[in-house]
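Chemist: Sharing model14.cif below, mmCIF, C-alpha atoms and all ligand atoms:
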data_work
#
loop_
_atom_site.group_PDB
_atom_site.id
_atom_site.type_symbol
_atom_site.label_atom_id
_atom_site.label_comp_id
_atom_site.auth_asym_id
_atom_site.auth_seq_id
_atom_site.Cartn_x
_atom_site.Cartn_y
_atom_site.Cartn_z
ATOM 1 C CA MET C 396 93.651 0.075 18.786
ATOM 2 C CA SER C 397 91.293 -2.695 19.713
ATOM 3 C CA ARG C 398 91.889 -4.566 22.884
ATOM 4 C CA SER C 399 92.286 -7.845 20.889
ATOM 5 C CA SER C 400 95.162 -6.445 18.756
ATOM 6 C CA VAL C 401 97.473 -5.780 21.711
ATOM 7 C CA ASN C 402 100.361 -8.176 21.857
ATOM 8 C CA PRO C 403 100.547 -9.148 25.510
ATOM 9 C CA LEU C 404 104.316 -9.791 25.170
ATOM 10 C CA ARG C 405 105.095 -6.290 23.863
ATOM 11 C CA PRO C 406 106.181 -3.645 26.437
ATOM 12 C CA LEU C 407 103.454 -1.089 27.058
ATOM 13 C CA SER C 408 105.817 1.847 26.488
ATOM 14 C CA VAL C 409 106.214 1.071 22.753
ATOM 15 C CA LEU C 410 102.544 0.677 21.961
ATOM 16 C CA LYS C 411 101.181 3.254 19.531
ATOM 17 C CA HIS C 412 99.849 6.392 21.297
ATOM 18 C CA SER C 413 101.090 5.189 24.640
ATOM 19 C CA ARG C 414 103.241 7.358 26.894
ATOM 20 C CA PRO C 415 105.767 6.287 29.452
ATOM 21 C CA ILE C 416 103.819 5.653 32.607
ATOM 22 C CA SER C 417 106.062 7.988 34.613
ATOM 23 C CA SER C 418 104.911 11.036 32.606
ATOM 24 C CA LYS C 419 101.423 10.640 34.031
ATOM 25 C CA ILE C 420 102.540 10.784 37.636
ATOM 26 C CA LEU C 421 102.038 14.187 39.223
ATOM 27 C CA PRO C 422 104.572 15.370 41.790
ATOM 28 C CA ILE C 423 103.352 15.174 45.371
ATOM 29 C CA PRO C 424 104.521 18.000 47.629
ATOM 30 C CA SER C 425 106.636 16.657 50.437
ATOM 31 C CA THR C 426 105.942 17.723 54.000
ATOM 32 C CA SER C 427 106.980 16.490 57.387
ATOM 33 C CA ARG C 428 103.532 17.435 58.646
ATOM 34 C CA ASN C 429 100.417 15.332 58.422
ATOM 35 C CA PRO C 430 99.581 15.497 54.713
ATOM 36 C CA THR C 431 95.953 14.652 55.351
ATOM 37 C CA SER C 432 95.240 17.572 57.679
ATOM 38 C CA PRO C 433 92.675 20.047 56.318
ATOM 39 C CA PHE C 434 95.150 22.894 56.568
ATOM 40 C CA VAL C 435 97.923 21.199 54.589
ATOM 41 C CA ARG C 436 95.465 20.003 51.948
ATOM 42 C CA SER C 437 93.990 23.456 51.501
ATOM 43 C CA SER C 438 97.374 25.145 51.309
ATOM 44 C CA PHE C 439 98.369 22.937 48.405
ATOM 45 C CA ILE C 440 95.135 23.521 46.544
ATOM 46 C CA GLY C 441 96.292 27.011 45.758
ATOM 47 C CA LEU C 442 94.636 29.123 48.416
ATOM 48 C CA SER C 443 97.941 30.771 49.176
ATOM 49 C CA ALA C 444 98.518 33.418 46.552
ATOM 50 C CA ARG C 445 102.024 33.903 47.802
ATOM 51 C CA SER C 446 103.533 30.488 47.586
ATOM 52 C CA ARG C 447 105.740 29.913 50.601
ATOM 53 C CA GLY C 448 107.969 27.084 51.634
ATOM 54 C CA LEU C 449 106.966 25.285 54.789
ATOM 55 C CA HIS C 450 109.236 25.751 57.759
ATOM 56 C CA THR C 451 110.386 22.738 59.625
ATOM 57 C CA THR C 452 109.683 23.955 63.139
ATOM 58 C CA SER C 453 109.144 20.812 65.122
ATOM 59 C CA VAL C 454 106.145 20.268 67.330
ATOM 60 C CA ARG C 455 107.397 18.067 70.071
ATOM 61 C CA SER C 456 105.289 15.292 71.441
ATOM 62 C CA HIS C 457 104.785 14.616 75.127
ATOM 63 C CA GLY C 458 107.157 11.687 75.208
ATOM 64 C CA GLU C 459 110.202 13.674 74.023
ATOM 65 C CA ILE C 460 110.017 16.518 76.526
ATOM 66 C CA THR C 461 111.802 16.537 79.829
ATOM 67 C CA ARG C 462 110.008 18.960 82.090
ATOM 68 C CA PRO C 463 111.980 21.158 84.465
ATOM 69 C CA ALA C 464 111.603 20.447 88.162
ATOM 70 C CA PRO C 465 108.990 22.775 89.671
ATOM 71 C CA GLY C 466 110.518 26.150 90.423
ATOM 72 C CA THR C 467 113.517 25.669 88.122
ATOM 73 C CA GLY C 468 111.988 26.297 84.695
ATOM 74 C CA ILE C 469 111.273 29.433 82.714
ATOM 75 C CA LYS C 470 107.850 30.671 83.817
ATOM 76 C CA VAL C 471 105.276 31.809 81.292
ATOM 77 C CA HIS C 472 101.908 33.178 82.346
ATOM 78 C CA PHE C 473 99.193 32.641 79.753
ATOM 79 C CA LYS C 474 96.356 35.128 80.204
ATOM 80 C CA ASP C 475 93.028 35.582 78.475
ATOM 81 C CA ALA C 476 92.008 38.764 76.691
ATOM 82 C CA LYS C 477 90.514 40.135 79.923
ATOM 83 C CA GLY C 478 93.780 39.735 81.785
ATOM 84 C CA ASN C 479 92.747 36.678 83.785
ATOM 85 C CA ASN C 480 95.452 34.116 84.343
ATOM 86 C CA VAL C 481 94.663 31.002 82.291
ATOM 87 C CA LYS C 482 97.702 28.963 83.285
ATOM 88 C CA THR C 483 101.248 29.487 84.480
ATOM 89 C CA ILE C 484 103.648 26.917 83.105
ATOM 90 C CA GLU C 485 107.365 26.305 83.300
ATOM 91 C CA GLY C 486 109.345 25.510 80.175
ATOM 92 C CA ASN C 487 112.897 24.830 79.111
ATOM 93 C CA GLU C 488 115.180 27.028 77.093
ATOM 94 C CA GLY C 489 114.292 26.581 73.424
ATOM 95 C CA ASP C 490 110.669 25.610 74.009
ATOM 96 C CA ASP C 491 108.275 27.601 71.874
ATOM 97 C CA LEU C 492 105.052 29.043 73.245
ATOM 98 C CA LEU C 493 102.803 27.070 70.909
ATOM 99 C CA SER C 494 104.246 23.702 71.894
ATOM 100 C CA LEU C 495 103.981 24.578 75.568
ATOM 101 C CA ALA C 496 100.404 25.770 75.147
ATOM 102 C CA HIS C 497 99.464 22.495 73.489
ATOM 103 C CA GLU C 498 101.239 20.433 76.096
ATOM 104 C CA TYR C 499 99.429 22.211 78.913
ATOM 105 C CA ASP C 500 96.033 22.451 77.200
ATOM 106 C CA VAL C 501 96.079 26.207 76.782
ATOM 107 C CA ASP C 502 93.651 27.183 74.017
ATOM 108 C CA LEU C 503 96.109 28.346 71.375
ATOM 109 C CA GLU C 504 95.198 26.786 68.043
ATOM 110 C CA GLY C 505 98.294 26.642 65.832
ATOM 111 C CA ALA C 506 96.517 25.447 62.686
ATOM 112 C CA CYS C 507 99.651 25.162 60.549
ATOM 113 C CA GLU C 508 101.670 23.510 63.326
ATOM 114 C CA GLY C 509 104.420 26.079 63.323
ATOM 115 C CA SER C 510 104.885 26.499 59.584
ATOM 116 C CA VAL C 511 104.344 30.293 59.717
ATOM 117 C CA ALA C 512 101.397 29.970 57.373
ATOM 118 C CA CYS C 513 98.524 31.021 59.652
ATOM 119 C CA SER C 514 97.946 33.461 62.483
ATOM 120 C CA THR C 515 96.073 31.190 64.856
ATOM 121 C CA CYS C 516 98.973 31.026 67.318
ATOM 122 C CA HIS C 517 98.879 34.804 67.789
ATOM 123 C CA VAL C 518 99.753 35.994 71.305
ATOM 124 C CA VAL C 519 100.350 39.424 72.746
ATOM 125 C CA VAL C 520 103.572 39.544 74.743
ATOM 126 C CA ASP C 521 104.037 41.963 77.639
ATOM 127 C CA PRO C 522 106.170 44.935 76.518
ATOM 128 C CA GLU C 523 109.074 44.232 78.871
ATOM 129 C CA HIS C 524 109.660 40.746 77.474
ATOM 130 C CA TYR C 525 108.683 41.647 73.928
ATOM 131 C CA ASP C 526 111.772 43.880 73.749
ATOM 132 C CA MET C 527 113.974 40.905 74.638
ATOM 133 C CA LEU C 528 112.762 38.844 71.686
ATOM 134 C CA PRO C 529 114.560 38.693 68.338
ATOM 135 C CA GLU C 530 112.799 40.715 65.661
ATOM 136 C CA PRO C 531 110.086 38.831 63.748
ATOM 137 C CA ASP C 532 111.150 37.942 60.218
ATOM 138 C CA ASP C 533 109.196 38.939 57.104
ATOM 139 C CA GLU C 534 107.140 35.744 57.007
ATOM 140 C CA GLU C 535 106.046 36.169 60.608
ATOM 141 C CA ASN C 536 105.172 39.816 59.984
ATOM 142 C CA ASP C 537 103.109 38.817 56.941
ATOM 143 C CA MET C 538 101.089 36.386 59.024
ATOM 144 C CA LEU C 539 100.748 38.831 61.903
ATOM 145 C CA ASP C 540 99.177 41.290 59.482
ATOM 146 C CA LEU C 541 96.308 38.788 59.156
ATOM 147 C CA ALA C 542 95.918 38.273 62.902
ATOM 148 C CA PHE C 543 92.741 39.277 64.689
ATOM 149 C CA GLY C 544 93.328 41.988 67.315
ATOM 150 C CA LEU C 545 96.903 42.783 66.325
ATOM 151 C CA GLU C 546 98.817 44.860 68.882
ATOM 152 C CA ASP C 547 102.257 46.453 69.001
ATOM 153 C CA THR C 548 103.670 43.526 70.944
ATOM 154 C CA SER C 549 101.945 40.746 68.992
ATOM 155 C CA ARG C 550 103.933 37.665 68.016
ATOM 156 C CA LEU C 551 103.253 34.220 66.623
ATOM 157 C CA GLY C 552 103.471 31.799 69.530
ATOM 158 C CA CYS C 553 105.197 29.174 67.420
ATOM 159 C CA GLN C 554 108.063 31.587 66.765
ATOM 160 C CA VAL C 555 108.695 32.654 70.359
ATOM 161 C CA LYS C 556 111.413 30.482 71.857
ATOM 162 C CA LEU C 557 112.087 30.630 75.563
ATOM 163 C CA THR C 558 115.351 31.943 76.920
ATOM 164 C CA LYS C 559 116.251 32.390 80.577
ATOM 165 C CA GLU C 560 115.742 36.142 80.397
ATOM 166 C CA LEU C 561 112.108 35.584 79.361
ATOM 167 C CA ASP C 562 111.317 34.106 82.770
ATOM 168 C CA GLY C 563 108.047 35.624 83.983
ATOM 169 C CA MET C 564 106.789 36.501 80.508
ATOM 170 C CA VAL C 565 103.087 37.109 80.045
ATOM 171 C CA ALA C 566 101.523 35.824 76.816
ATOM 172 C CA THR C 567 97.965 37.058 76.364
ATOM 173 C CA LEU C 568 95.605 35.134 74.127
ATOM 174 C CA PRO C 569 93.591 37.433 71.870
ATOM 175 C CA SER C 570 89.817 37.265 72.186
ATOM 176 C CA ALA C 571 89.589 35.567 68.774
ATOM 177 C CA THR C 572 91.696 34.115 66.007
ATOM 178 C CA ARG C 573 91.208 34.163 62.289
ATOM 179 C CA ASN C 574 92.198 31.215 60.152
ATOM 180 C CA MET C 575 92.206 32.461 56.574
ATOM 181 C CA TYR C 576 92.756 29.007 55.128
ATOM 182 C CA VAL C 577 90.019 27.123 56.884
ATOM 183 C CA ASP C 578 87.518 29.740 58.043
ATOM 184 C CA GLY C 579 88.000 32.406 55.396
ATOM 185 C CA ALA C 580 87.498 35.786 57.068
ATOM 186 C CA LYS C 581 85.549 34.418 60.042
ATOM 187 C CA ALA C 582 87.041 34.997 63.456
ATOM 188 C CA ARG C 583 86.920 32.189 66.029
ATOM 189 C CA THR C 584 86.400 33.352 69.599
ATOM 190 C CA HIS C 585 88.334 31.743 72.432
HETATM 191 S S1 LIG C 601 100.967 27.829 64.102
HETATM 192 FE FE1 LIG C 601 100.597 28.765 62.209
HETATM 193 S S2 LIG C 601 101.941 30.423 62.282
HETATM 194 FE FE2 LIG C 601 102.216 29.575 64.226
#
Could you show the structure in this file as structure tokens?
Ligand code: FES

Modeler:
Amino acid sequence: MSRSSVNPLRPLSVLKHSRPISSKILPIPSTSRNPTSPFVRSSFIGLSARSRGLHTTSVRSHGEITRPAPGTGIKVHFKDAKGNNVKTIEGNEGDDLLSLAHEYDVDLEGACEGSVACSTCHVVVDPEHYDMLPEPDDEENDMLDLAFGLEDTSRLGCQVKLTKELDGMVATLPSATRNMYVDGAKARTH
């Protein structure tokens, strides 16, 4: 149909060969995370063979957190792979290790921001406190299988929530992390 034969007063949807405009609109996956982050983009481009729903674990911002008074919080000692203390912090019940690490500038990546779709928040928990944690679910175990330097007491930092009995926990940062989505098989050293 030539451009000159189109009746400008006729609705587009009834023109010959035309389709309703809505049929051309592709669905956009919804996410509460930043949709422009490299991780989220890559995960929707089909790099994940096992399609998984994103969790809604919140990453709290500085402004929303009330810090415990010194000496009253739940202590967590972050250590490096050589056993050196990186930082000792105090959190509240319900805080997760990844959020605390970010708040206190501990080098724990957390590429998927707590969506259980990477292993870059991998920490090794001391055995005493590891036994106090709820069992990891299947999704966490799947991601742990991809973690660099996996140990018997490995957990994803974003899934470890503080309780009072975890006071004094040691979370050791592995010597490297592997981000399958962004780096492929390359390990990133801390
Ligand atoms: S931040 Fe990706 S699984 Fe914890």

Chemist: Have a look at C:Lys470, C:His517, C:His524, C:Lys559 and name the one nearest to ligand LIG 601 (chain C); count all atoms listed in the file.

Modeler: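 With all atoms listed in the file as the atom set, the closest residue is C:His517.
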
Chemist: Name the residues that the PyMOL selection byres (((not hetatm)) within 6 of (chain C and resi 601)) picks from the file above, as a PyMOL selection string, using the file's chain letters and numbers.

Modeler: chain C and resi 505-516+551-553

Chemist: What is the distance, in Å and to one decimal place, between atom CA of C:Pro465 and atom CA of C:Thr483?

Modeler: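 Separation of atom CA of C:Pro465 and atom CA of C:Thr483: 11.5 Å.
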
Chemist: Taking the file as shown, what set of residues would the PyMOL selection byres (((chain C and resi 560) around 12) and not hetatm) give back, as a list in words?

Modeler: Gly468, Ile469, Lys470, Val471, Asn487, Glu488, Gly489, Glu523, His524, Tyr525, Asp526, Met527, Leu528, Lys556, Leu557, Thr558, Lys559, Leu561, Asp562, Gly563 and Met564 of chain C
